[in-house]
>>> print(open('my_file.txt').read())   # compact mmCIF, C-alpha atoms and all ligand atoms
# COMPACT_ATOMS: atom_id res chain seq x y z
CA MET A 3 0.00 0.00 0.00
CA GLN A 4 1.38 3.38 -0.92
CA ARG A 5 1.72 6.27 1.52
CA LYS A 6 -1.38 8.39 1.83
CA PHE A 7 -1.29 11.84 0.30
CA ILE A 8 -3.33 14.58 1.95
CA VAL A 9 -3.78 17.85 0.08
CA GLY A 10 -5.36 20.99 1.52
CA ASN A 11 -7.33 23.15 -0.89
CA TRP A 12 -7.82 26.51 0.79
CA LYS A 13 -10.01 27.80 -2.04
CA MET A 14 -10.52 31.58 -1.76
CA ASN A 15 -9.73 31.73 1.94
CA GLY A 16 -6.83 33.04 3.97
CA ALA A 17 -5.16 36.17 5.30
CA LEU A 18 -1.48 36.81 5.92
CA THR A 19 -1.65 36.62 9.70
CA ASN A 20 -3.95 33.58 9.88
CA ASN A 21 -1.94 31.74 7.23
CA GLU A 22 1.23 32.04 9.22
CA ALA A 23 -0.31 30.56 12.35
CA LEU A 24 -2.04 27.82 10.34
CA LEU A 25 1.03 26.81 8.32
CA LYS A 26 3.29 26.81 11.36
CA GLU A 27 0.92 24.64 13.35
CA VAL A 28 0.43 22.24 10.44
CA ALA A 29 4.19 22.05 9.85
CA ASN A 30 4.85 21.33 13.53
CA GLY A 31 2.20 18.65 13.61
CA LEU A 32 3.36 17.03 10.37
CA ALA A 33 6.91 16.84 11.69
CA GLN A 34 5.59 14.12 14.02
CA MET A 35 3.96 12.18 11.17
CA PRO A 36 6.70 10.73 9.01
CA THR A 37 4.50 8.20 7.21
CA VAL A 38 2.08 10.52 5.45
CA ASP A 39 2.66 12.97 2.57
CA CYS A 40 1.06 16.38 2.60
CA ALA A 41 0.65 19.47 0.40
CA VAL A 42 -1.35 22.68 0.53
CA CYS A 43 -2.81 24.52 -2.46
CA VAL A 44 -3.17 28.17 -1.53
CA PRO A 45 -4.44 31.30 -3.31
CA PHE A 46 -1.84 32.86 -5.65
CA PRO A 47 -1.03 35.90 -3.46
CA TYR A 48 0.03 33.62 -0.61
CA LEU A 49 2.46 31.47 -2.56
CA ALA A 50 5.48 33.53 -1.49
CA GLN A 51 4.46 33.34 2.15
CA THR A 52 3.78 29.62 1.88
CA GLN A 53 7.11 29.04 0.17
CA SER A 54 9.03 30.84 2.88
CA LEU A 55 7.19 29.10 5.72
CA LEU A 56 7.27 25.58 4.28
CA ARG A 57 10.57 25.43 2.41
CA ASP A 58 12.34 23.66 5.27
CA THR A 59 9.50 21.25 6.00
CA SER A 60 8.26 18.04 4.41
CA ILE A 61 5.07 19.78 3.24
CA LYS A 62 4.80 20.62 -0.46
CA TRP A 63 2.67 23.42 -1.87
CA GLY A 64 0.87 24.37 -5.02
CA ALA A 65 -1.80 26.45 -6.72
CA GLN A 66 -5.50 25.90 -7.36
CA ASN A 67 -5.61 26.91 -11.00
CA VAL A 68 -3.42 28.05 -13.87
CA HIS A 69 -3.78 29.41 -17.39
CA GLN A 70 -3.08 27.01 -20.21
CA ALA A 71 -0.81 29.42 -22.15
CA ASN A 72 2.82 30.14 -21.31
CA ASN A 73 2.43 33.92 -21.31
CA GLY A 74 0.70 36.69 -23.21
CA ALA A 75 -2.21 39.09 -23.19
CA TYR A 76 -4.46 37.32 -20.68
CA THR A 77 -5.30 39.98 -18.12
CA GLY A 78 -5.73 38.59 -14.64
CA GLU A 79 -4.38 35.14 -15.43
CA VAL A 80 -1.38 33.28 -14.03
CA ALA A 81 1.06 31.14 -16.05
CA VAL A 82 2.65 27.95 -14.86
CA SER A 83 6.17 29.44 -15.13
CA MET A 84 5.08 31.93 -12.45
CA LEU A 85 4.10 29.05 -10.19
CA ARG A 86 7.51 27.52 -10.77
CA ASP A 87 9.07 30.76 -9.59
CA PHE A 88 7.52 30.03 -6.20
CA ASP A 89 8.67 26.39 -6.18
CA CYS A 90 5.18 24.95 -6.47
CA ASP A 91 5.05 21.19 -6.96
CA TYR A 92 1.33 20.85 -7.64
CA VAL A 93 -1.49 22.59 -9.47
CA ILE A 94 -5.13 21.62 -9.08
CA VAL A 95 -6.86 21.52 -12.47
CA GLY A 96 -10.52 21.00 -13.25
CA HIS A 97 -11.86 21.54 -9.76
CA SER A 98 -15.64 21.33 -9.97
CA GLU A 99 -15.95 24.95 -8.83
CA ARG A 100 -13.87 25.94 -11.86
CA ARG A 101 -15.91 23.69 -14.12
CA HIS A 102 -19.29 24.84 -12.85
CA LEU A 103 -18.76 28.49 -11.85
CA TYR A 104 -16.33 29.40 -14.65
CA GLY A 105 -17.46 27.05 -17.37
CA GLU A 106 -14.20 25.11 -17.72
CA SER A 107 -14.71 22.33 -20.26
CA ASN A 108 -13.02 18.95 -20.33
CA LEU A 109 -10.85 20.22 -23.17
CA LEU A 110 -9.73 23.33 -21.28
CA VAL A 111 -8.96 21.21 -18.21
CA ALA A 112 -6.87 18.89 -20.40
CA GLU A 113 -4.98 21.90 -21.81
CA LYS A 114 -4.24 23.13 -18.29
CA PHE A 115 -3.15 19.62 -17.33
CA ALA A 116 -0.76 19.65 -20.30
CA ALA A 117 0.65 23.09 -19.41
CA VAL A 118 1.34 21.93 -15.86
CA GLN A 119 3.13 18.79 -17.01
CA GLU A 120 5.12 20.60 -19.65
CA ALA A 121 6.51 22.81 -16.88
CA GLU A 122 7.34 19.64 -14.93
CA LEU A 123 4.86 20.28 -12.17
CA LEU A 124 2.26 17.73 -11.13
CA PRO A 125 -1.40 18.27 -11.96
CA ILE A 126 -4.00 17.21 -9.42
CA MET A 127 -6.88 16.61 -11.79
CA CYS A 128 -10.37 16.68 -10.30
CA VAL A 129 -13.16 14.55 -11.71
CA GLY A 130 -16.63 13.84 -10.43
CA GLU A 131 -20.33 13.76 -11.17
CA THR A 132 -23.22 15.99 -10.18
CA LEU A 133 -26.15 14.67 -8.17
CA GLU A 134 -28.33 14.47 -11.29
CA GLN A 135 -25.66 12.49 -13.08
CA ARG A 136 -25.32 10.09 -10.16
CA GLU A 137 -29.07 9.65 -9.99
CA ALA A 138 -29.17 9.02 -13.72
CA GLY A 139 -26.62 6.24 -13.22
CA ILE A 140 -23.99 7.84 -15.46
CA THR A 141 -21.23 8.51 -12.89
CA GLU A 142 -18.69 6.24 -14.58
CA MET A 143 -19.46 7.63 -18.01
CA VAL A 144 -19.00 11.21 -16.78
CA VAL A 145 -15.70 10.42 -15.08
CA ALA A 146 -14.46 8.49 -18.12
CA GLU A 147 -15.31 11.45 -20.36
CA GLN A 148 -13.42 13.82 -18.08
CA LEU A 149 -10.37 11.56 -18.24
CA ALA A 150 -10.74 10.97 -21.98
CA GLU A 151 -9.83 14.50 -22.99
CA VAL A 152 -6.50 14.24 -21.14
CA ILE A 153 -5.87 10.82 -22.65
CA LYS A 154 -6.57 12.22 -26.10
CA LEU A 155 -4.28 15.21 -25.65
CA ARG A 156 -1.46 13.71 -23.59
CA GLY A 157 -1.81 9.93 -23.75
CA VAL A 158 -2.78 7.67 -20.89
CA GLN A 159 0.82 7.50 -19.72
CA SER A 160 0.54 11.13 -18.67
CA PHE A 161 -1.24 9.89 -15.54
CA ARG A 162 2.10 8.44 -14.45
CA THR A 163 3.07 11.97 -13.44
CA ALA A 164 -0.26 13.23 -12.16
CA VAL A 165 -2.68 12.80 -9.30
CA ILE A 166 -6.40 12.24 -9.80
CA ALA A 167 -8.93 13.52 -7.27
CA TYR A 168 -12.40 12.01 -7.33
CA GLU A 169 -14.73 14.66 -6.00
CA PRO A 170 -18.44 14.02 -6.37
CA VAL A 171 -19.88 17.49 -6.89
CA TRP A 172 -22.77 16.80 -4.52
CA ALA A 173 -20.32 16.13 -1.68
CA ILE A 174 -18.20 19.26 -2.00
CA GLY A 175 -18.70 21.74 0.81
CA THR A 176 -22.10 20.25 1.55
CA GLY A 177 -21.24 18.18 4.60
CA LYS A 178 -22.61 15.24 2.60
CA THR A 179 -19.70 12.83 2.17
CA ALA A 180 -19.81 9.89 -0.18
CA THR A 181 -19.88 6.70 1.85
CA PRO A 182 -16.57 4.84 1.82
CA GLU A 183 -18.24 2.23 -0.40
CA GLN A 184 -19.54 4.80 -2.88
CA ALA A 185 -16.13 6.44 -3.10
CA GLN A 186 -14.32 3.11 -3.36
CA GLU A 187 -16.55 2.04 -6.22
CA VAL A 188 -15.60 5.06 -8.34
CA HIS A 189 -11.92 4.91 -7.34
CA ALA A 190 -11.79 1.25 -8.37
CA PHE A 191 -13.46 2.17 -11.65
CA ILE A 192 -10.85 4.89 -12.33
CA ARG A 193 -7.98 2.54 -11.56
CA LYS A 194 -9.41 -0.19 -13.75
CA HIS A 195 -10.13 2.23 -16.54
CA ILE A 196 -6.53 3.51 -16.56
CA ALA A 197 -5.21 -0.06 -16.17
CA GLY A 198 -7.15 -1.07 -19.25
CA LEU A 199 -5.17 1.48 -21.24
CA ASP A 200 -1.83 1.48 -19.44
CA GLU A 201 -1.31 -1.94 -18.01
CA GLY A 202 1.25 -2.23 -15.27
CA PHE A 203 1.01 1.29 -13.99
CA SER A 204 -2.40 1.62 -12.40
CA GLN A 205 -1.45 0.30 -8.97
CA ALA A 206 0.89 3.25 -8.54
CA LEU A 207 -1.74 5.77 -9.64
CA CYS A 208 -2.59 8.13 -6.77
CA ILE A 209 -6.35 8.69 -6.53
CA LEU A 210 -7.50 11.11 -3.82
CA TYR A 211 -11.04 11.40 -2.54
CA GLY A 212 -12.48 14.87 -1.93
CA GLY A 213 -15.83 16.12 -0.69
CA SER A 214 -16.55 16.95 2.95
CA VAL A 215 -13.69 14.89 4.34
CA ASN A 216 -13.32 15.71 8.03
CA ALA A 217 -11.61 14.47 11.16
CA SER A 218 -14.37 11.95 11.88
CA ASN A 219 -14.84 10.35 8.46
CA ALA A 220 -11.25 10.39 7.16
CA ALA A 221 -10.11 7.09 8.66
CA GLU A 222 -12.95 5.02 7.19
CA LEU A 223 -12.41 6.56 3.75
CA PHE A 224 -8.65 6.07 3.83
CA CYS A 225 -8.91 2.39 4.68
CA MET A 226 -10.63 1.64 1.37
CA PRO A 227 -8.22 -0.15 -0.98
CA ASP A 228 -8.36 2.34 -3.87
CA ILE A 229 -8.40 5.58 -1.86
CA ASP A 230 -4.85 6.92 -1.68
CA GLY A 231 -5.54 10.07 0.30
CA GLY A 232 -7.74 13.14 0.33
CA LEU A 233 -8.29 16.56 -1.17
CA ILE A 234 -9.50 18.60 1.76
CA GLY A 235 -11.38 21.90 1.43
CA GLY A 236 -13.08 23.35 4.51
CA ALA A 237 -11.26 21.17 7.02
CA SER A 238 -7.85 22.28 5.71
CA LEU A 239 -8.44 25.75 7.15
CA ALA A 240 -8.18 24.65 10.79
CA ALA A 241 -4.85 23.14 11.80
CA LYS A 242 -6.39 20.79 14.33
CA ASP A 243 -8.85 19.30 11.82
CA PHE A 244 -6.32 19.09 9.01
CA LEU A 245 -3.76 17.40 11.26
CA ALA A 246 -6.38 14.91 12.47
CA ILE A 247 -7.06 14.01 8.83
CA CYS A 248 -3.33 13.66 8.14
CA ASN A 249 -3.04 11.48 11.20
CA ALA A 250 -5.81 9.24 9.86
CA GLY A 251 -3.65 8.82 6.76
CA GLN A 252 -0.61 7.60 8.66
CA LYS A 253 0.32 3.99 7.98
P1 LIG B 1 -14.68 20.28 0.99
O1 LIG B 1 -13.98 20.63 -0.41
O2 LIG B 1 -13.70 19.41 1.75
O3 LIG B 1 -14.89 21.61 1.66
O4 LIG B 1 -15.93 19.57 0.68
C1 LIG B 1 -13.22 19.69 -1.10
C2 LIG B 1 -12.74 20.30 -2.39
O5 LIG B 1 -13.52 21.01 -3.02
O6 LIG B 1 -11.60 20.08 -2.83
>>> encode(input="my_file.txt", output="structure tokens", more="lines below")
Ligand code: PGA
Amino acid sequence: MQRKFIVGNWKMNGALTNNEALLKEVANGLAQMPTVDCAVCVPFPYLAQTQSLLRDTSIKWGAQNVHQANNGAYTGEVAVSMLRDFDCDYVIVGHSERRHLYGESNLLVAEKFAAVQEAELLPIMCVGETLEQREAGITEMVVAEQLAEVIKLRGVQSFRTAVIAYEPVWAIGTGKTATPEQAQEVHAFIRKHIAGLDEGFSQALCILYGGSVNASNAAELFCMPDIDGGLIGGASLAAKDFLAICNAGQK
């Protein structure tokens, strides 16, 4: 079994003073947990602060979005080379909030995924179905379609240097977590789907679960065979909760 990977997604939250206290507490706590891997994806303006507070720790950091182009006339956007300047390791692409609030298509997500990999950073690619899609019984089809665009653009082997996060849209920020069995079912599907196209690799594929993970449900999710860790929104904003989740991911 591979080490669990726990990623905090702060979304549009944070403030210089709070961040410092949060990151220091998380770093201190993680120093006592050598068997779990951890990263935080913070808003762009806090990358410099995060870099300076975490550079001597085991915690990695990253961004929550990126533009697909290398540079140019894209007012308000951020290029992956800029994220490299702050030593980011990870970039979340295709988060459901980006897909639903900002209309990001599967193709755009795949282009962002490609830009991240071309800069030698690791994409954390989010996939997941809405409640209507789940109720219509098309969860696997939706997830397969989300993955297909990346496979078309980059090849299935591109998942060898990426992380996938399964985040059912109906579970994000709603307090309504998928049951461990529901999550496991989709994780197993993703692994099998990739294995069908890239035999030999899929066991090493890191598939995170995200959607209302908290200190009380983390352990039961993490003990499912195809859940390799978590993408944590709300609960990553309080050091105590985030550390409890990381602790649940320890071997
Ligand atoms: P949540 O968010 O933990 O607040 O549900 C997860 C995510 O959106 O990545």
>>> closest_residue(input="my_file.txt", among="A:Pro36, A:Gly96, A:Gly232, A:Gly16", to="Gln51 of chain A", atoms="only C-alpha atoms")
A:Gly16
>>> residues_near_point(input="my_file.txt", point="(-17.5, 2.1, -6.9)", cutoff="12 Å", atoms="only C-alpha atoms", output="JSON, numbers by chain")
{"A": [136, 139, 141, 142, 145, 168, 170, 180, 181, 182, 183, 184, 185, 186, 187, 188, 189, 190, 191, 192, 193, 194, 226, 227, 228, 229]}
>>> residues_near_ligand(input="my_file.txt", ligand="ligand LIG 1 (chain B)", cutoff="8 Å", atoms="all atoms listed in the file", output="VMD selection string")
chain A and resid 10 to 11 13 97 to 99 169 173 to 177 179 212 to 216 233 to 238
>>> write_last_selection(input="my_file.txt", atoms="C-alpha atoms", output="compact mmCIF listing (two decimals), in the coordinates of the input")
# COMPACT_ATOMS: atom_id res chain seq x y z
CA GLY A 10 -5.36 20.99 1.52
CA ASN A 11 -7.33 23.15 -0.89
CA LYS A 13 -10.01 27.80 -2.04
CA HIS A 97 -11.86 21.54 -9.76
CA SER A 98 -15.64 21.33 -9.97
CA GLU A 99 -15.95 24.95 -8.83
CA GLU A 169 -14.73 14.66 -6.00
CA ALA A 173 -20.32 16.13 -1.68
CA ILE A 174 -18.20 19.26 -2.00
CA GLY A 175 -18.70 21.74 0.81
CA THR A 176 -22.10 20.25 1.55
CA GLY A 177 -21.24 18.18 4.60
CA THR A 179 -19.70 12.83 2.17
CA GLY A 212 -12.48 14.87 -1.93
CA GLY A 213 -15.83 16.12 -0.69
CA SER A 214 -16.55 16.95 2.95
CA VAL A 215 -13.69 14.89 4.34
CA ASN A 216 -13.32 15.71 8.03
CA LEU A 233 -8.29 16.56 -1.17
CA ILE A 234 -9.50 18.60 1.76
CA GLY A 235 -11.38 21.90 1.43
CA GLY A 236 -13.08 23.35 4.51
CA ALA A 237 -11.26 21.17 7.02
CA SER A 238 -7.85 22.28 5.71
>>> closest_residue(input="my_file.txt", among="A:Leu149, A:Ala250, A:Leu18, A:Val171", to="Phe115 of chain A", atoms="all atoms listed in the file")
A:Leu149
>>> axis_aligned_box(input="my_file.txt", around="segment 72-85 of chain A", padding_each_side="4 Å", output="lines of an AutoDock Vina configuration file")
center_x = 0.2
center_y = 34.0
center_z = -16.7
size_x = 19.9
size_y = 20.0
size_z = 21.0
>>> atom_distance(input="my_file.txt", atom1="atom CA of Ile166 of chain A", atom2="atom CA of Leu49 of chain A")
22.4 Å
>>> closest_residue(input="my_file.txt", among="A:Lys253, A:Arg162, A:Lys242, A:Lys26", to="Cys225 of chain A", atoms="all atoms listed in the file")
A:Lys253
>>> closest_residue(input="my_file.txt", among="A:Val129, A:Ile196, A:Val9, A:Val93", to="Leu245 of chain A", atoms="all atoms listed in the file")
A:Val9
>>> closest_residue(input="my_file.txt", among="A:Thr59, A:Gln148, A:Asn15, A:Gln4", to="Ala240 of chain A", atoms="all atoms listed in the file")
A:Asn15
>>> residues_near_point(input="my_file.txt", point="(-12.4, 12.4, -22.0)", cutoff="12 Å", atoms="only C-alpha atoms", output="number ranges by chain")
A: 107-112, 129, 142-158, 195-196
>>> atom_distance(input="my_file.txt", atom1="atom CA of Asp91 of chain A", atom2="atom CA of Glu201 of chain A")
26.4 Å
>>> residues_around(input="my_file.txt", residues="Ala117 of chain A", least_positions_apart="4", cutoff="8 Å", atoms="only C-alpha atoms", output="ChimeraX atom specification")
/A:69-72,82,113,121
>>> decode(input="my_file.txt", residues="segment 79-134 of chain A", atoms="C-alpha atoms", output="PDB file, in the first residue's frame")
ATOM      1  CA  GLU A  79      -4.378  35.138 -15.426  1.00  0.00           C
ATOM      2  CA  VAL A  80      -1.380  33.276 -14.026  1.00  0.00           C
ATOM      3  CA  ALA A  81       1.061  31.143 -16.053  1.00  0.00           C
ATOM      4  CA  VAL A  82       2.647  27.945 -14.857  1.00  0.00           C
ATOM      5  CA  SER A  83       6.168  29.441 -15.129  1.00  0.00           C
ATOM      6  CA  MET A  84       5.084  31.929 -12.451  1.00  0.00           C
ATOM      7  CA  LEU A  85       4.096  29.052 -10.191  1.00  0.00           C
ATOM      8  CA  ARG A  86       7.506  27.518 -10.775  1.00  0.00           C
ATOM      9  CA  ASP A  87       9.068  30.761  -9.590  1.00  0.00           C
ATOM     10  CA  PHE A  88       7.518  30.032  -6.201  1.00  0.00           C
ATOM     11  CA  ASP A  89       8.667  26.391  -6.182  1.00  0.00           C
ATOM     12  CA  CYS A  90       5.179  24.953  -6.469  1.00  0.00           C
ATOM     13  CA  ASP A  91       5.055  21.195  -6.964  1.00  0.00           C
ATOM     14  CA  TYR A  92       1.329  20.849  -7.643  1.00  0.00           C
ATOM     15  CA  VAL A  93      -1.485  22.586  -9.465  1.00  0.00           C
ATOM     16  CA  ILE A  94      -5.131  21.620  -9.083  1.00  0.00           C
ATOM     17  CA  VAL A  95      -6.865  21.515 -12.473  1.00  0.00           C
ATOM     18  CA  GLY A  96     -10.519  20.995 -13.245  1.00  0.00           C
ATOM     19  CA  HIS A  97     -11.862  21.537  -9.758  1.00  0.00           C
ATOM     20  CA  SER A  98     -15.643  21.328  -9.966  1.00  0.00           C
ATOM     21  CA  GLU A  99     -15.950  24.948  -8.825  1.00  0.00           C
ATOM     22  CA  ARG A 100     -13.870  25.942 -11.864  1.00  0.00           C
ATOM     23  CA  ARG A 101     -15.912  23.694 -14.121  1.00  0.00           C
ATOM     24  CA  HIS A 102     -19.289  24.845 -12.854  1.00  0.00           C
ATOM     25  CA  LEU A 103     -18.759  28.492 -11.852  1.00  0.00           C
ATOM     26  CA  TYR A 104     -16.330  29.397 -14.650  1.00  0.00           C
ATOM     27  CA  GLY A 105     -17.465  27.051 -17.368  1.00  0.00           C
ATOM     28  CA  GLU A 106     -14.203  25.108 -17.722  1.00  0.00           C
ATOM     29  CA  SER A 107     -14.708  22.333 -20.255  1.00  0.00           C
ATOM     30  CA  ASN A 108     -13.020  18.946 -20.329  1.00  0.00           C
ATOM     31  CA  LEU A 109     -10.847  20.221 -23.173  1.00  0.00           C
ATOM     32  CA  LEU A 110      -9.730  23.326 -21.276  1.00  0.00           C
ATOM     33  CA  VAL A 111      -8.958  21.210 -18.213  1.00  0.00           C
ATOM     34  CA  ALA A 112      -6.869  18.895 -20.400  1.00  0.00           C
ATOM     35  CA  GLU A 113      -4.981  21.901 -21.813  1.00  0.00           C
ATOM     36  CA  LYS A 114      -4.245  23.131 -18.293  1.00  0.00           C
ATOM     37  CA  PHE A 115      -3.151  19.620 -17.329  1.00  0.00           C
ATOM     38  CA  ALA A 116      -0.763  19.651 -20.298  1.00  0.00           C
ATOM     39  CA  ALA A 117       0.647  23.087 -19.409  1.00  0.00           C
ATOM     40  CA  VAL A 118       1.338  21.926 -15.859  1.00  0.00           C
ATOM     41  CA  GLN A 119       3.125  18.788 -17.006  1.00  0.00           C
ATOM     42  CA  GLU A 120       5.120  20.596 -19.653  1.00  0.00           C
ATOM     43  CA  ALA A 121       6.506  22.809 -16.877  1.00  0.00           C
ATOM     44  CA  GLU A 122       7.337  19.639 -14.933  1.00  0.00           C
ATOM     45  CA  LEU A 123       4.861  20.281 -12.166  1.00  0.00           C
ATOM     46  CA  LEU A 124       2.261  17.729 -11.133  1.00  0.00           C
ATOM     47  CA  PRO A 125      -1.397  18.274 -11.955  1.00  0.00           C
ATOM     48  CA  ILE A 126      -4.000  17.212  -9.418  1.00  0.00           C
ATOM     49  CA  MET A 127      -6.877  16.610 -11.788  1.00  0.00           C
ATOM     50  CA  CYS A 128     -10.371  16.676 -10.300  1.00  0.00           C
ATOM     51  CA  VAL A 129     -13.161  14.545 -11.712  1.00  0.00           C
ATOM     52  CA  GLY A 130     -16.634  13.842 -10.433  1.00  0.00           C
ATOM     53  CA  GLU A 131     -20.326  13.755 -11.172  1.00  0.00           C
ATOM     54  CA  THR A 132     -23.222  15.993 -10.178  1.00  0.00           C
ATOM     55  CA  LEU A 133     -26.150  14.671  -8.171  1.00  0.00           C
ATOM     56  CA  GLU A 134     -28.332  14.468 -11.287  1.00  0.00           C
TER      57      GLU A 134
END
